[in-house]
>>> print(open('data.cif').read())   # mmCIF, C-alpha atoms
data_upload
#
loop_
_atom_site.label_atom_id
_atom_site.label_comp_id
_atom_site.auth_asym_id
_atom_site.auth_seq_id
_atom_site.Cartn_x
_atom_site.Cartn_y
_atom_site.Cartn_z
CA MET A 158 -28.20 -6.48 -21.35
CA ALA A 159 -27.89 -4.92 -17.89
CA ARG A 160 -26.19 -1.57 -17.59
CA SER A 161 -23.73 -0.87 -14.82
CA THR A 162 -24.22 2.07 -12.50
CA PRO A 163 -21.56 4.81 -12.39
CA ARG A 164 -20.35 3.45 -9.04
CA GLU A 165 -19.97 -0.08 -10.44
CA HIS A 166 -18.19 1.29 -13.50
CA ALA A 167 -15.74 3.26 -11.34
CA ALA A 168 -14.96 0.14 -9.31
CA GLU A 169 -14.00 -1.91 -12.39
CA LYS A 170 -10.28 -2.46 -12.76
CA LEU A 171 -8.77 -1.64 -16.12
CA LYS A 172 -6.51 -4.30 -17.55
CA GLY A 173 -3.83 -4.55 -20.22
CA LYS A 174 -4.15 -2.38 -23.29
CA LYS A 175 -7.21 -0.53 -21.99
CA TYR A 176 -5.31 0.48 -18.83
CA VAL A 177 -2.31 1.72 -20.83
CA LYS A 178 -4.58 3.64 -23.22
CA GLU A 179 -6.40 5.39 -20.35
CA LEU A 180 -3.12 6.07 -18.50
CA LEU A 181 -1.61 7.67 -21.62
CA LYS A 182 -4.70 9.88 -21.96
CA LEU A 183 -4.38 11.02 -18.33
CA GLN A 184 -0.64 11.65 -18.69
CA SER A 185 -1.21 13.62 -21.87
CA GLU A 186 -3.90 15.77 -20.25
CA LEU A 187 -1.66 16.44 -17.26
CA CYS A 188 1.20 17.50 -19.56
CA ARG A 189 -1.18 19.81 -21.44
CA LEU A 190 -2.37 21.26 -18.12
CA GLN A 191 1.25 21.78 -17.06
CA GLU A 192 2.08 23.67 -20.26
CA TRP A 193 -1.05 25.81 -19.97
CA VAL A 194 -0.33 26.63 -16.30
CA LYS A 195 3.27 27.55 -17.20
CA TYR A 196 2.11 29.72 -20.12
CA LYS A 197 -0.46 31.54 -17.98
CA GLY A 198 1.88 31.88 -14.97
CA LEU A 199 -0.61 30.15 -12.69
CA LYS A 200 -0.27 27.68 -9.84
CA VAL A 201 -2.26 24.47 -9.44
CA VAL A 202 -2.43 22.03 -6.55
CA ILE A 203 -3.56 18.44 -7.04
CA LEU A 204 -4.16 16.63 -3.78
CA PHE A 205 -4.36 12.85 -3.37
CA GLU A 206 -5.64 11.87 0.06
CA GLY A 207 -6.14 8.30 1.21
CA ARG A 208 -5.42 5.71 3.83
CA ASP A 209 -2.20 3.71 4.09
CA GLY A 210 -2.04 0.94 1.55
CA ALA A 211 -4.59 2.64 -0.72
CA GLY A 212 -2.17 2.69 -3.66
CA LYS A 213 -1.67 6.45 -3.74
CA GLY A 214 2.08 6.24 -4.39
CA GLY A 215 1.80 3.94 -7.40
CA THR A 216 -1.10 5.93 -8.81
CA ILE A 217 0.71 9.24 -8.44
CA ARG A 218 3.91 7.82 -9.97
CA ALA A 219 2.04 6.34 -12.91
CA ILE A 220 0.15 9.54 -13.71
CA THR A 221 3.07 11.94 -13.22
CA GLU A 222 5.86 9.98 -14.91
CA ARG A 223 5.73 12.18 -18.07
CA VAL A 224 5.53 15.65 -16.48
CA SER A 225 8.54 17.90 -15.98
CA PRO A 226 10.06 17.68 -12.47
CA ARG A 227 11.24 21.28 -12.91
CA VAL A 228 7.62 22.44 -12.96
CA PHE A 229 5.76 19.64 -11.24
CA ARG A 230 6.58 18.74 -7.63
CA VAL A 231 5.29 15.72 -5.70
CA VAL A 232 5.32 15.81 -1.90
CA ALA A 233 4.47 12.72 0.16
CA LEU A 234 3.43 13.58 3.70
CA PRO A 235 3.67 11.14 6.60
CA ALA A 236 0.68 10.22 8.75
CA PRO A 237 -0.67 13.33 10.52
CA SER A 238 0.61 14.08 14.01
CA ASP A 239 -1.80 14.57 16.92
CA ARG A 240 -1.46 18.34 16.45
CA GLU A 241 -2.19 18.09 12.70
CA LYS A 242 -5.24 15.94 13.43
CA SER A 243 -6.66 18.78 15.53
CA GLN A 244 -6.03 21.47 12.89
CA MET A 245 -8.20 22.56 10.01
CA TYR A 246 -7.77 20.13 7.11
CA ALA A 247 -5.93 22.55 4.78
CA GLN A 248 -3.41 23.72 7.40
CA ARG A 249 -1.37 20.55 6.96
CA TYR A 250 -0.76 21.28 3.28
CA ILE A 251 -0.08 25.04 3.37
CA PRO A 252 3.67 24.77 4.20
CA HIS A 253 4.14 22.65 1.05
CA LEU A 254 2.42 25.03 -1.37
CA PRO A 255 4.61 27.03 -3.78
CA ALA A 256 5.61 30.59 -2.91
CA ALA A 257 5.08 33.55 -5.20
CA GLY A 258 7.25 33.83 -8.30
#
>>> encode(input="data.cif", output="structure tokens")
Amino acid sequence: MARSTPREHAAEKLKGKKYVKELLKLQSELCRLQEWVKYKGLKVVILFEGRDGAGKGGTIRAITERVSPRVFRVVALPAPSDREKSQMYAQRYIPHLPAAG
């Protein structure tokens, strides 16, 4: 029996019950992370970057549907402007990061 490489495994699409099972695990871990971050008074940024039509919106919605919107904020940025394209990568995201407190 041939074994798949990690790259081939990552490219496989999950279907049906297996997809739901994995999604619930990810949602649960994200909720646990949220509670831990709240308890510790920390801040965490999770960044999804991809091209148009890459499925980012659906992926983000699916993973974050069980977290608290009071603690967890999702920001969808439009395509970068010419000025943003010339800036350092992180500069585009800094205005959207949470302030102290």
>>> resolve_selection(input="data.cif", expression="the PyMOL selection byres ((chain A and resi 228-243) around 10)", output="MDAnalysis selection string")
chainID A and resid 188 191:192 194:195 200:206 208:209 213:214 217:218 221 224:227 244:250 253:255
>>> atom_distance(input="data.cif", atom1="atom CA of A:Ala256", atom2="atom CA of A:Leu190")
19.5 Å
>>> closest_residue(input="data.cif", among="A:Tyr196, A:Ala219, A:Gly212, A:Ile251", to="A:Leu181", atoms="only C-alpha atoms")
A:Ala219
>>> atom_distance(input="data.cif", atom1="atom CA of A:Lys182", atom2="atom CA of A:Leu199")
22.7 Å
>>> atom_distance(input="data.cif", atom1="atom CA of A:Ser185", atom2="atom CA of A:Gly207")
24.2 Å
>>> axis_aligned_box(input="data.cif", around="stretch 184-201 of chain A", padding_each_side="6 Å", output="lines of an AutoDock Vina configuration file")
center_x = -0.3
center_y = 21.8
center_z = -15.7
size_x = 19.2
size_y = 32.2
size_z = 24.4
>>> resolve_selection(input="data.cif", expression="the PyMOL selection byres ((chain A and resi 180) around 12)", output="list in words")
Leu171, Lys172, Gly173, Lys174, Lys175, Tyr176, Val177, Lys178, Glu179, Leu181, Lys182, Leu183, Gln184, Ser185, Glu186, Leu187, Thr216, Ile217, Arg218, Ala219, Ile220, Thr221, Glu222 and Arg223 of chain A
>>> decode(input="data.cif", residues="stretch 228-242 of chain A", atoms="all heavy atoms", output="PDB file, in the first residue's frame")
ATOM      1  N   VAL A 228     -15.362  38.960  21.926  1.00  0.00           N
ATOM      2  CA  VAL A 228     -13.933  38.791  22.157  1.00  0.00           C
ATOM      3  C   VAL A 228     -13.187  38.643  20.842  1.00  0.00           C
ATOM      4  O   VAL A 228     -12.069  39.113  20.690  1.00  0.00           O
ATOM      5  CB  VAL A 228     -13.681  37.535  23.037  1.00  0.00           C
ATOM      6  CG1 VAL A 228     -12.206  37.302  23.252  1.00  0.00           C
ATOM      7  CG2 VAL A 228     -14.405  37.669  24.358  1.00  0.00           C
ATOM      8  N   PHE A 229     -13.813  38.026  19.891  1.00  0.00           N
ATOM      9  CA  PHE A 229     -13.178  37.634  18.637  1.00  0.00           C
ATOM     10  C   PHE A 229     -13.692  38.525  17.524  1.00  0.00           C
ATOM     11  O   PHE A 229     -14.896  38.612  17.299  1.00  0.00           O
ATOM     12  CB  PHE A 229     -13.553  36.177  18.337  1.00  0.00           C
ATOM     13  CG  PHE A 229     -12.605  35.481  17.430  1.00  0.00           C
ATOM     14  CD1 PHE A 229     -11.591  34.708  17.955  1.00  0.00           C
ATOM     15  CD2 PHE A 229     -12.729  35.576  16.058  1.00  0.00           C
ATOM     16  CE1 PHE A 229     -10.719  34.040  17.120  1.00  0.00           C
ATOM     17  CE2 PHE A 229     -11.865  34.914  15.219  1.00  0.00           C
ATOM     18  CZ  PHE A 229     -10.855  34.141  15.750  1.00  0.00           C
ATOM     19  N   ARG A 230     -12.809  39.209  16.821  1.00  0.00           N
ATOM     20  CA  ARG A 230     -13.220  40.132  15.765  1.00  0.00           C
ATOM     21  C   ARG A 230     -12.623  39.688  14.435  1.00  0.00           C
ATOM     22  O   ARG A 230     -11.447  39.374  14.346  1.00  0.00           O
ATOM     23  CB  ARG A 230     -12.739  41.534  16.098  1.00  0.00           C
ATOM     24  CG  ARG A 230     -13.222  42.593  15.154  1.00  0.00           C
ATOM     25  CD  ARG A 230     -12.903  43.968  15.678  1.00  0.00           C
ATOM     26  NE  ARG A 230     -11.478  44.141  15.883  1.00  0.00           N
ATOM     27  CZ  ARG A 230     -10.751  45.081  15.290  1.00  0.00           C
ATOM     28  NH1 ARG A 230     -11.308  45.924  14.469  1.00  0.00           N
ATOM     29  NH2 ARG A 230      -9.476  45.181  15.536  1.00  0.00           N
ATOM     30  N   VAL A 231     -13.433  39.670  13.401  1.00  0.00           N
ATOM     31  CA  VAL A 231     -12.984  39.311  12.056  1.00  0.00           C
ATOM     32  C   VAL A 231     -13.035  40.569  11.204  1.00  0.00           C
ATOM     33  O   VAL A 231     -14.043  41.268  11.174  1.00  0.00           O
ATOM     34  CB  VAL A 231     -13.878  38.216  11.432  1.00  0.00           C
ATOM     35  CG1 VAL A 231     -13.473  37.945   9.998  1.00  0.00           C
ATOM     36  CG2 VAL A 231     -13.812  36.942  12.257  1.00  0.00           C
ATOM     37  N   VAL A 232     -11.933  40.857  10.518  1.00  0.00           N
ATOM     38  CA  VAL A 232     -11.852  42.015   9.633  1.00  0.00           C
ATOM     39  C   VAL A 232     -11.469  41.517   8.255  1.00  0.00           C
ATOM     40  O   VAL A 232     -10.464  40.827   8.095  1.00  0.00           O
ATOM     41  CB  VAL A 232     -10.790  43.029  10.125  1.00  0.00           C
ATOM     42  CG1 VAL A 232     -10.666  44.194   9.173  1.00  0.00           C
ATOM     43  CG2 VAL A 232     -11.101  43.505  11.526  1.00  0.00           C
ATOM     44  N   ALA A 233     -12.272  41.859   7.251  1.00  0.00           N
ATOM     45  CA  ALA A 233     -11.975  41.482   5.867  1.00  0.00           C
ATOM     46  C   ALA A 233     -11.474  42.725   5.134  1.00  0.00           C
ATOM     47  O   ALA A 233     -12.195  43.715   5.014  1.00  0.00           O
ATOM     48  CB  ALA A 233     -13.216  40.932   5.189  1.00  0.00           C
ATOM     49  N   LEU A 234     -10.243  42.677   4.689  1.00  0.00           N
ATOM     50  CA  LEU A 234      -9.664  43.826   3.996  1.00  0.00           C
ATOM     51  C   LEU A 234      -9.863  43.690   2.490  1.00  0.00           C
ATOM     52  O   LEU A 234      -9.814  42.579   1.952  1.00  0.00           O
ATOM     53  CB  LEU A 234      -8.163  43.921   4.290  1.00  0.00           C
ATOM     54  CG  LEU A 234      -7.769  44.072   5.754  1.00  0.00           C
ATOM     55  CD1 LEU A 234      -6.256  44.166   5.883  1.00  0.00           C
ATOM     56  CD2 LEU A 234      -8.413  45.291   6.357  1.00  0.00           C
ATOM     57  N   PRO A 235     -10.045  44.817   1.806  1.00  0.00           N
ATOM     58  CA  PRO A 235     -10.155  44.764   0.346  1.00  0.00           C
ATOM     59  C   PRO A 235      -8.776  44.521  -0.274  1.00  0.00           C
ATOM     60  O   PRO A 235      -7.766  44.475   0.439  1.00  0.00           O
ATOM     61  CB  PRO A 235     -10.679  46.155  -0.011  1.00  0.00           C
ATOM     62  CG  PRO A 235     -10.189  47.039   1.093  1.00  0.00           C
ATOM     63  CD  PRO A 235     -10.191  46.159   2.329  1.00  0.00           C
ATOM     64  N   ALA A 236      -8.741  44.412  -1.580  1.00  0.00           N
ATOM     65  CA  ALA A 236      -7.452  44.250  -2.274  1.00  0.00           C
ATOM     66  C   ALA A 236      -6.559  45.439  -1.911  1.00  0.00           C
ATOM     67  O   ALA A 236      -7.043  46.561  -1.726  1.00  0.00           O
ATOM     68  CB  ALA A 236      -7.680  44.204  -3.781  1.00  0.00           C
ATOM     69  N   PRO A 237      -5.252  45.210  -1.790  1.00  0.00           N
ATOM     70  CA  PRO A 237      -4.355  46.309  -1.393  1.00  0.00           C
ATOM     71  C   PRO A 237      -4.295  47.402  -2.464  1.00  0.00           C
ATOM     72  O   PRO A 237      -4.318  47.121  -3.665  1.00  0.00           O
ATOM     73  CB  PRO A 237      -3.002  45.626  -1.221  1.00  0.00           C
ATOM     74  CG  PRO A 237      -3.092  44.348  -1.945  1.00  0.00           C
ATOM     75  CD  PRO A 237      -4.533  43.964  -1.983  1.00  0.00           C
ATOM     76  N   SER A 238      -4.204  48.640  -1.986  1.00  0.00           N
ATOM     77  CA  SER A 238      -4.048  49.780  -2.895  1.00  0.00           C
ATOM     78  C   SER A 238      -2.610  49.801  -3.407  1.00  0.00           C
ATOM     79  O   SER A 238      -1.746  49.051  -2.920  1.00  0.00           O
ATOM     80  CB  SER A 238      -4.349  51.077  -2.145  1.00  0.00           C
ATOM     81  OG  SER A 238      -3.363  51.292  -1.146  1.00  0.00           O
ATOM     82  N   ASP A 239      -2.325  50.671  -4.363  1.00  0.00           N
ATOM     83  CA  ASP A 239      -0.957  50.789  -4.874  1.00  0.00           C
ATOM     84  C   ASP A 239      -0.004  51.185  -3.747  1.00  0.00           C
ATOM     85  O   ASP A 239       1.113  50.694  -3.670  1.00  0.00           O
ATOM     86  CB  ASP A 239      -0.879  51.807  -6.018  1.00  0.00           C
ATOM     87  CG  ASP A 239      -1.542  51.291  -7.289  1.00  0.00           C
ATOM     88  OD1 ASP A 239      -1.646  50.054  -7.441  1.00  0.00           O
ATOM     89  OD2 ASP A 239      -1.957  52.124  -8.125  1.00  0.00           O
ATOM     90  N   ARG A 240      -0.462  52.084  -2.875  1.00  0.00           N
ATOM     91  CA  ARG A 240       0.378  52.498  -1.741  1.00  0.00           C
ATOM     92  C   ARG A 240       0.643  51.307  -0.809  1.00  0.00           C
ATOM     93  O   ARG A 240       1.761  51.097  -0.365  1.00  0.00           O
ATOM     94  CB  ARG A 240      -0.294  53.632  -0.971  1.00  0.00           C
ATOM     95  CG  ARG A 240       0.505  54.034   0.266  1.00  0.00           C
ATOM     96  CD  ARG A 240       0.001  55.325   0.866  1.00  0.00           C
ATOM     97  NE  ARG A 240       0.631  55.628   2.119  1.00  0.00           N
ATOM     98  CZ  ARG A 240       1.830  56.162   2.252  1.00  0.00           C
ATOM     99  NH1 ARG A 240       2.555  56.450   1.201  1.00  0.00           N
ATOM    100  NH2 ARG A 240       2.329  56.416   3.456  1.00  0.00           N
ATOM    101  N   GLU A 241      -0.402  50.540  -0.492  1.00  0.00           N
ATOM    102  CA  GLU A 241      -0.230  49.385   0.399  1.00  0.00           C
ATOM    103  C   GLU A 241       0.688  48.335  -0.227  1.00  0.00           C
ATOM    104  O   GLU A 241       1.429  47.662   0.479  1.00  0.00           O
ATOM    105  CB  GLU A 241      -1.587  48.776   0.731  1.00  0.00           C
ATOM    106  CG  GLU A 241      -2.412  49.649   1.657  1.00  0.00           C
ATOM    107  CD  GLU A 241      -3.826  49.137   1.841  1.00  0.00           C
ATOM    108  OE1 GLU A 241      -4.378  48.505   0.927  1.00  0.00           O
ATOM    109  OE2 GLU A 241      -4.374  49.381   2.932  1.00  0.00           O
ATOM    110  N   LYS A 242       0.645  48.198  -1.527  1.00  0.00           N
ATOM    111  CA  LYS A 242       1.527  47.243  -2.205  1.00  0.00           C
ATOM    112  C   LYS A 242       2.993  47.622  -2.051  1.00  0.00           C
ATOM    113  O   LYS A 242       3.866  46.763  -2.077  1.00  0.00           O
ATOM    114  CB  LYS A 242       1.178  47.157  -3.689  1.00  0.00           C
ATOM    115  CG  LYS A 242      -0.118  46.441  -3.969  1.00  0.00           C
ATOM    116  CD  LYS A 242      -0.414  46.437  -5.457  1.00  0.00           C
ATOM    117  CE  LYS A 242      -1.773  45.839  -5.746  1.00  0.00           C
ATOM    118  NZ  LYS A 242      -2.120  45.920  -7.177  1.00  0.00           N
TER     119      LYS A 242
END
